[in-house]
Amino acid sequence: MCQCFKSNNNRTMKKNNLFISILFLLLLSLILPGCNSEPEPSGDLIYIDVTEGFDNKRSIKLSELVESVEFVQFENTKDTYFMNARSFSIGQKYIMISDDGKNRIILFDRSGKFIRHIGRRGKGPGEFNNPWQVVMDPSEEFIFIADGMIQKLIKYKTSGEFVDEISTRDLAHGRFMDDIRFVNDHEFVVQLRRPYKEVEGFASLLMYDTDLNLTKKVLTRPSDQVMPRIRSMINQGTDRFYFWEAYMDTMYTITPDGEAIPTHIVSCSNDGPSLEYAQSTPNPRNEGPASPENLIMSVNEYGSFMFMYGLRGDGRFNVVYDKKTGEIFEPQAITACDTSGTFTTQTIENDLYGVDPIYINRYDPGIGMLIGWVRTSWLGSNYDLDCIRNKKVKYPELRDQLLRIAEDEEASENMLLVLMKMK
């Protein structure tokens, strides 16, 4: 009896110890952060290891994504020339360009004819210093400017009339405002860069209505997560807005009402970046962790494909993930007709109108098209135009139109907008 009781007691104690151990491990997993100090995303996440694509190469053609192409040629005068379209919006009536070369906002009609400049540079009411982040609302009635230099949001009418402005100093003090996008017909989000010091109440995205009222903070972060090296991006796919943040790896769907739903983990498992690297000081005089071998710079989603661009050793990479099949690969390098070696890269092969490489900026939901740019003045000095002219393409009339612009010194000065209707 005594031995039997002792045996049962031992079994009971073992069960209790096992229960306590499991409970302790469960509590520990809830309390301790993971390697990225982020809450563990819930749901069925898709994990994408970019390095798996390095050993798998195949071509990807523009015709796999696009069914038709349209060029928009802008007026070429001193009032209309822009060096770079850092921010832009394309509607049914207007095209709005924010030129970061001359710090001005230019409004064109849909055919590329100049209408007016919006606002002016300065520090007074309605004036801006650095209009890199500018967006036109879906109704094409208003333009919103996020100026991180003088820390304010400014509202204009497309007719040129200044409407209102608010200070963002309390919410974005000491940080860059890296992007601005409408997520529904009446609200937009401003993307903030991670702070250099601890800031209470930091959120990656601030949501505003068209009256400049703050309606929501999206993806709030602990104040002790200081990562000056981190870069993030918000963009529009064909069926969702998405937000991705380097080093934290998680990609989120941003819903029209401002919810952030994790969907993918996009990272480099082989010699990729670490949280220690992200949290190190950006000051080059101070020693920090060595740079990672592989570094993802951007993630873009076009149709069923996700394009990951980054740095690999001393070079660069483009990796493509097919959401339908799960295949991941590097596109083959495009070298045809490039006489300079400047533009040789892994990219989409242009079998529609012939000029490689294809640089897709983003998808625009308002017009349902992929947006690209060509600086036609570069074609004559960097490409064999006869080589392009002899390429077999689906739309030779578009190729020939592009070459005529490139050979016209006056017409080729401004950038050419390329609108591509997706399949």
# chains A, B, ... in the order shown; residues from 1 in each chain; ligands from 1

call {"tool": "select_by_dssp", "arguments": {"residues": "range 28-215 of chain A", "states": "alpha helix (DSSP H)", "output": "VMD selection string"}}
result
chain A and resid 28 to 31 169 to 172

call {"tool": "write_last_selection", "arguments": {"atoms": "N, CA and C atoms", "output": "PDB file, in the first residue's frame"}}
result
ATOM      1  N   LEU A  28       6.538  32.595 -20.895  1.00  0.00           N
ATOM      2  CA  LEU A  28       7.793  33.167 -21.367  1.00  0.00           C
ATOM      3  C   LEU A  28       7.686  33.598 -22.823  1.00  0.00           C
ATOM      4  N   SER A  29       7.004  32.767 -23.642  1.00  0.00           N
ATOM      5  CA  SER A  29       6.844  33.116 -25.060  1.00  0.00           C
ATOM      6  C   SER A  29       5.984  34.341 -25.242  1.00  0.00           C
ATOM      7  N   LEU A  30       5.070  34.588 -24.320  1.00  0.00           N
ATOM      8  CA  LEU A  30       4.217  35.770 -24.425  1.00  0.00           C
ATOM      9  C   LEU A  30       4.933  37.025 -23.962  1.00  0.00           C
ATOM     10  N   ILE A  31       5.864  36.846 -23.005  1.00  0.00           N
ATOM     11  CA  ILE A  31       6.519  38.008 -22.404  1.00  0.00           C
ATOM     12  C   ILE A  31       7.725  38.453 -23.221  1.00  0.00           C
ATOM     13  N   ARG A 169       4.174  68.765 -36.288  1.00  0.00           N
ATOM     14  CA  ARG A 169       5.344  68.745 -35.418  1.00  0.00           C
ATOM     15  C   ARG A 169       5.168  67.814 -34.222  1.00  0.00           C
ATOM     16  N   ASP A 170       3.980  67.788 -33.619  1.00  0.00           N
ATOM     17  CA  ASP A 170       3.764  66.952 -32.440  1.00  0.00           C
ATOM     18  C   ASP A 170       3.735  65.470 -32.778  1.00  0.00           C
ATOM     19  N   LEU A 171       3.346  65.133 -34.001  1.00  0.00           N
ATOM     20  CA  LEU A 171       3.208  63.734 -34.391  1.00  0.00           C
ATOM     21  C   LEU A 171       4.399  63.228 -35.190  1.00  0.00           C
ATOM     22  N   ALA A 172       5.085  64.113 -35.874  1.00  0.00           N
ATOM     23  CA  ALA A 172       6.187  63.699 -36.742  1.00  0.00           C
ATOM     24  C   ALA A 172       7.456  64.481 -36.441  1.00  0.00           C
TER      25      ALA A 172
END

call {"tool": "residues_around", "arguments": {"residues": "Asp49 in chain A", "least_positions_apart": "5", "cutoff": "7 Å", "atoms": "only C-alpha atoms", "output": "ChimeraX atom specification"}}
result
/A:266-269

call {"tool": "write_last_selection", "arguments": {"atoms": "N, CA and C atoms", "output": "short mmCIF file (atom, residue, chain, number, x, y, z; two decimals), in the first residue's frame"}}
result
data_model
loop_
_atom_site.label_atom_id
_atom_site.label_comp_id
_atom_site.auth_asym_id
_atom_site.auth_seq_id
_atom_site.Cartn_x
_atom_site.Cartn_y
_atom_site.Cartn_z
N VAL A 266 8.82 38.60 -45.63
CA VAL A 266 9.75 38.69 -46.76
C VAL A 266 11.13 39.02 -46.19
N SER A 267 12.06 38.09 -46.31
CA SER A 267 13.36 38.28 -45.66
C SER A 267 14.45 37.54 -46.41
N CYS A 268 15.69 37.73 -45.93
CA CYS A 268 16.86 37.01 -46.44
C CYS A 268 17.38 36.14 -45.29
N SER A 269 17.22 34.83 -45.40
CA SER A 269 17.68 33.98 -44.31
C SER A 269 19.19 33.77 -44.35
#

call {"tool": "residues_around", "arguments": {"residues": "Ser98 in chain A", "least_positions_apart": "4", "cutoff": "10 Å", "atoms": "only C-alpha atoms", "output": "list in words"}}
result
Phe82, Met83, Asn84, Ala85, Arg86, Ser87, Phe88, Ser89, Lys102, Asn103, Arg104, Ile105, Ile106, Leu107, His117, Ile118, Asn130, Pro131, Trp132, Gln133, Val134, Val135 and Ile145 of chain A

call {"tool": "write_last_selection", "arguments": {"atoms": "N, CA and C atoms", "output": "compact mmCIF listing (two decimals), in the first residue's frame"}}
result
# COMPACT_ATOMS: atom_id res chain seq x y z
N PHE A 82 10.36 68.75 -65.68
CA PHE A 82 10.63 68.24 -64.33
C PHE A 82 11.74 67.21 -64.40
N MET A 83 12.63 67.30 -63.43
CA MET A 83 13.80 66.43 -63.39
C MET A 83 13.41 65.02 -62.95
N ASN A 84 12.51 64.95 -61.97
CA ASN A 84 12.14 63.65 -61.42
C ASN A 84 10.77 63.76 -60.78
N ALA A 85 9.90 62.80 -61.07
CA ALA A 85 8.56 62.80 -60.48
C ALA A 85 8.59 61.98 -59.19
N ARG A 86 9.03 62.62 -58.11
CA ARG A 86 9.13 61.90 -56.83
C ARG A 86 7.75 61.47 -56.35
N SER A 87 6.76 62.34 -56.46
CA SER A 87 5.36 62.02 -56.16
C SER A 87 4.53 62.39 -57.37
N PHE A 88 3.50 61.63 -57.61
CA PHE A 88 2.62 61.96 -58.72
C PHE A 88 1.28 61.26 -58.52
N SER A 89 0.24 61.81 -59.14
CA SER A 89 -1.09 61.20 -59.16
C SER A 89 -1.64 61.32 -60.56
N LYS A 102 13.12 70.98 -58.77
CA LYS A 102 12.89 72.41 -58.57
C LYS A 102 11.90 72.69 -57.44
N ASN A 103 11.54 71.65 -56.69
CA ASN A 103 10.63 71.80 -55.56
C ASN A 103 9.36 72.54 -55.95
N ARG A 104 8.68 72.02 -56.97
CA ARG A 104 7.43 72.63 -57.38
C ARG A 104 6.44 71.55 -57.80
N ILE A 105 5.16 71.90 -57.77
CA ILE A 105 4.09 70.98 -58.10
C ILE A 105 3.45 71.46 -59.40
N ILE A 106 3.38 70.55 -60.39
CA ILE A 106 2.90 70.91 -61.72
C ILE A 106 1.63 70.11 -62.02
N LEU A 107 0.61 70.81 -62.52
CA LEU A 107 -0.63 70.16 -62.89
C LEU A 107 -0.77 70.17 -64.42
N HIS A 117 0.92 75.72 -62.01
CA HIS A 117 1.67 75.31 -60.83
C HIS A 117 0.77 75.42 -59.61
N ILE A 118 0.99 74.55 -58.63
CA ILE A 118 0.22 74.57 -57.40
C ILE A 118 1.12 75.03 -56.27
N ASN A 130 9.82 71.46 -49.31
CA ASN A 130 10.29 70.26 -49.99
C ASN A 130 9.11 69.34 -50.27
N PRO A 131 8.38 69.57 -51.36
CA PRO A 131 7.16 68.80 -51.61
C PRO A 131 7.41 67.44 -52.27
N TRP A 132 8.10 66.56 -51.56
CA TRP A 132 8.36 65.22 -52.09
C TRP A 132 7.14 64.33 -51.98
N GLN A 133 6.32 64.55 -50.96
CA GLN A 133 5.18 63.67 -50.70
C GLN A 133 3.89 64.44 -50.99
N VAL A 134 3.33 64.21 -52.17
CA VAL A 134 2.16 64.96 -52.62
C VAL A 134 1.20 63.96 -53.26
N VAL A 135 -0.11 64.17 -53.04
CA VAL A 135 -1.10 63.26 -53.63
C VAL A 135 -2.35 64.05 -54.01
N ILE A 145 -0.21 68.01 -49.55
CA ILE A 145 1.25 68.06 -49.54
C ILE A 145 1.73 67.75 -48.12

call {"tool": "residues_around", "arguments": {"residues": "range 214-223 of chain A", "least_positions_apart": "2", "cutoff": "8 Å", "atoms": "only C-alpha atoms", "output": "list in words"}}
result
Glu198, Val199, Glu200, Gly201, Phe202, Ala203, Ser204, Leu205, Leu206, Met207, Tyr208, Asp209, Leu212, Gln225, Val226, Gly258, Glu259 and Ala260 of chain A

call {"tool": "write_last_selection", "arguments": {"atoms": "N, CA and C atoms", "output": "PDB file, in the first residue's frame"}}
result
ATOM      1  N   GLU A 198      13.870  57.816 -28.710  1.00  0.00           N
ATOM      2  CA  GLU A 198      12.610  57.321 -28.177  1.00  0.00           C
ATOM      3  C   GLU A 198      11.517  58.387 -28.272  1.00  0.00           C
ATOM      4  N   VAL A 199      10.389  57.994 -28.820  1.00  0.00           N
ATOM      5  CA  VAL A 199       9.263  58.904 -28.986  1.00  0.00           C
ATOM      6  C   VAL A 199       7.994  58.167 -28.577  1.00  0.00           C
ATOM      7  N   GLU A 200       7.288  58.697 -27.598  1.00  0.00           N
ATOM      8  CA  GLU A 200       6.045  58.080 -27.174  1.00  0.00           C
ATOM      9  C   GLU A 200       4.972  58.229 -28.255  1.00  0.00           C
ATOM     10  N   GLY A 201       4.209  57.161 -28.454  1.00  0.00           N
ATOM     11  CA  GLY A 201       3.067  57.235 -29.354  1.00  0.00           C
ATOM     12  C   GLY A 201       3.406  57.191 -30.832  1.00  0.00           C
ATOM     13  N   PHE A 202       4.618  56.716 -31.175  1.00  0.00           N
ATOM     14  CA  PHE A 202       4.987  56.658 -32.587  1.00  0.00           C
ATOM     15  C   PHE A 202       4.128  55.633 -33.321  1.00  0.00           C
ATOM     16  N   ALA A 203       3.706  55.991 -34.530  1.00  0.00           N
ATOM     17  CA  ALA A 203       2.985  55.068 -35.410  1.00  0.00           C
ATOM     18  C   ALA A 203       3.598  55.157 -36.796  1.00  0.00           C
ATOM     19  N   SER A 204       3.669  54.041 -37.504  1.00  0.00           N
ATOM     20  CA  SER A 204       4.264  54.034 -38.840  1.00  0.00           C
ATOM     21  C   SER A 204       3.417  54.802 -39.840  1.00  0.00           C
ATOM     22  N   LEU A 205       2.083  54.777 -39.646  1.00  0.00           N
ATOM     23  CA  LEU A 205       1.165  55.445 -40.564  1.00  0.00           C
ATOM     24  C   LEU A 205       0.182  56.293 -39.781  1.00  0.00           C
ATOM     25  N   LEU A 206      -0.002  57.534 -40.230  1.00  0.00           N
ATOM     26  CA  LEU A 206      -1.020  58.423 -39.665  1.00  0.00           C
ATOM     27  C   LEU A 206      -2.128  58.591 -40.693  1.00  0.00           C
ATOM     28  N   MET A 207      -3.354  58.384 -40.272  1.00  0.00           N
ATOM     29  CA  MET A 207      -4.494  58.425 -41.176  1.00  0.00           C
ATOM     30  C   MET A 207      -5.260  59.727 -40.967  1.00  0.00           C
ATOM     31  N   TYR A 208      -5.525  60.455 -42.070  1.00  0.00           N
ATOM     32  CA  TYR A 208      -6.231  61.735 -42.019  1.00  0.00           C
ATOM     33  C   TYR A 208      -7.420  61.706 -42.971  1.00  0.00           C
ATOM     34  N   ASP A 209      -8.436  62.509 -42.621  1.00  0.00           N
ATOM     35  CA  ASP A 209      -9.517  62.718 -43.581  1.00  0.00           C
ATOM     36  C   ASP A 209      -9.191  63.940 -44.431  1.00  0.00           C
ATOM     37  N   LEU A 212      -8.233  67.286 -42.972  1.00  0.00           N
ATOM     38  CA  LEU A 212      -6.967  67.280 -42.220  1.00  0.00           C
ATOM     39  C   LEU A 212      -7.153  66.940 -40.748  1.00  0.00           C
ATOM     40  N   GLN A 225      11.840  51.252 -29.516  1.00  0.00           N
ATOM     41  CA  GLN A 225      12.337  50.650 -30.745  1.00  0.00           C
ATOM     42  C   GLN A 225      12.913  51.730 -31.656  1.00  0.00           C
ATOM     43  N   VAL A 226      14.150  52.087 -31.406  1.00  0.00           N
ATOM     44  CA  VAL A 226      14.825  53.122 -32.172  1.00  0.00           C
ATOM     45  C   VAL A 226      15.676  52.440 -33.240  1.00  0.00           C
ATOM     46  N   GLY A 258      -8.165  51.371 -42.226  1.00  0.00           N
ATOM     47  CA  GLY A 258      -6.941  51.573 -41.465  1.00  0.00           C
ATOM     48  C   GLY A 258      -6.500  50.405 -40.608  1.00  0.00           C
ATOM     49  N   GLU A 259      -7.001  49.209 -40.855  1.00  0.00           N
ATOM     50  CA  GLU A 259      -6.505  48.039 -40.142  1.00  0.00           C
ATOM     51  C   GLU A 259      -5.264  47.508 -40.856  1.00  0.00           C
ATOM     52  N   ALA A 260      -4.329  46.951 -40.076  1.00  0.00           N
ATOM     53  CA  ALA A 260      -3.106  46.375 -40.626  1.00  0.00           C
ATOM     54  C   ALA A 260      -3.131  44.870 -40.395  1.00  0.00           C
TER      55      ALA A 260
END

call {"tool": "select_by_dssp", "arguments": {"residues": "range 122-240 of chain A", "states": "strand (DSSP E)", "output": "MDAnalysis selection string"}}
result
chainID A and resid 133:136 142:147 152:157 162:167 177:182 187:192 203:209 214:220 232:236

call {"tool": "closest_residue", "arguments": {"among": "A:Arg312, A:Arg231, A:Lys157, A:Lys113", "to": "Phe243 in chain A", "atoms": "only C-alpha atoms"}}
result
A:Arg231

call {"tool": "residues_around", "arguments": {"residues": "Gln73 in chain A", "least_positions_apart": "4", "cutoff": "10 Å", "atoms": "only C-alpha atoms", "output": "PyMOL selection string"}}
result
chain A and resi 111-113+402+405+411-412+414-418

call {"tool": "closest_residue", "arguments": {"among": "A:Ile143, A:Leu45, A:Ala246, A:Leu62", "to": "Asp356 in chain A", "atoms": "only C-alpha atoms"}}
result
A:Leu62

call {"tool": "closest_residue", "arguments": {"among": "A:Leu403, A:Ile166, A:Ile180, A:Ile95", "to": "Trp378 in chain A", "atoms": "only C-alpha atoms"}}
result
A:Leu403

call {"tool": "residues_around", "arguments": {"residues": "Lys394 in chain A", "least_positions_apart": "6", "cutoff": "7 Å", "atoms": "only C-alpha atoms", "output": "PyMOL selection string"}}
result
chain A and resi 351-353

call {"tool": "residues_around", "arguments": {"residues": "Gly354 in chain A", "least_positions_apart": "2", "cutoff": "12 Å", "atoms": "only C-alpha atoms", "output": "count of residues only"}}
result
38
